[in-house]
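Notes follow once the structure below has been shown.
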Amino acid sequence: MYGKILIPLDATPTDRAIVDHIRPLAKLMQSRVVLLHVATGWAAQWFGRNAVSSEVDEDQAYLESVRTEFAADGIPVETELGYGDPATEIVRWVGENGCDLVAMSTHGHRALADLFLGTTAIRVQHRVKVPVLLLRAR
């Protein structure tokens with residue numbers, strides 16, 4: 001059912017909810033997992049894939065640490081680092097690469113905050129054509 005699962009990560013404790021939820025699901029369904037983080041710092045905004053900064057290095061190290069968790073469970077996993085606006089990059093990635101499920105943690109904003117902030121999760125949910133699993137962080 002879910003051959004390829006995309007997990008966008010924001011490199012905060014919020015990620016733990018979706019990682020812990022998807023690991024057993026991916027193992028059970030024999031899914032392949034793609035971990036995507038979008039770097040948003042000034043270097044990433046200005047230089048994209050050519051960005052060189054401590055932020056980019058830390059983002060890559062973070063992706064690798066989460067990748068090892070999935071790999072330790074025998075789950076095929078790869079990492080991707082995007083640059084710029086997270087919602088735009090997630091939607092672009094899904095359009096170019098395809099997946100069967102996008103699984104994201106949310107911060108749990110409410111009504112007015114969502115309206116004014118335009119949360120990444122809501123923007124992704126309305127712009128992709130695949131199922132989106134949103135799991136509120138604890």
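A note on labels: chains of the structure tokens are A, B, ... as shown, every chain counts residues from 1, and ligands are counted from 1 in their shown order.
Residues in contact with range 28-45 of chain A at 6 Å, where only C-alpha atoms are counted and same-chain residues fewer than 3 positions away are skipped, are listed as Tyr2, Gly3, Lys4, Ile5, Leu6, Ile7, Pro8, Leu9, Asp10, Leu25, Gly48, Ala51, Pro76, Val77, Glu78, Thr79, Glu80, Leu81, Gly82, Tyr83, Gly84 and Pro86 of chain A.
Here CA of Thr88 in chain A and CA of Phe70 in chain A stand 25.6 Å from one another.
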DSSP alpha helix (DSSP H) selection over chain A, as number ranges by chain: A: 15-29, 42-47, 54-72, 86-97, 111-117, 120-125
Polymer residues at most 6 Å from Leu101 in chain A, only C-alpha atoms, same-chain spacing of 6 or more positions, as an MDAnalysis selection string: chainID A and resid 5 130:132
For CA of Ile18 in chain A and CA of Val56 in chain A, the interatomic separation in Å (one decimal): 22.2 Å
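Comparing the minimum interatomic distances between Ala87 in chain A and each of A:Met104, A:Val19, A:Ala137, A:Ala11, counting only C-alpha atoms, we find that A:Met104 sits nearest.
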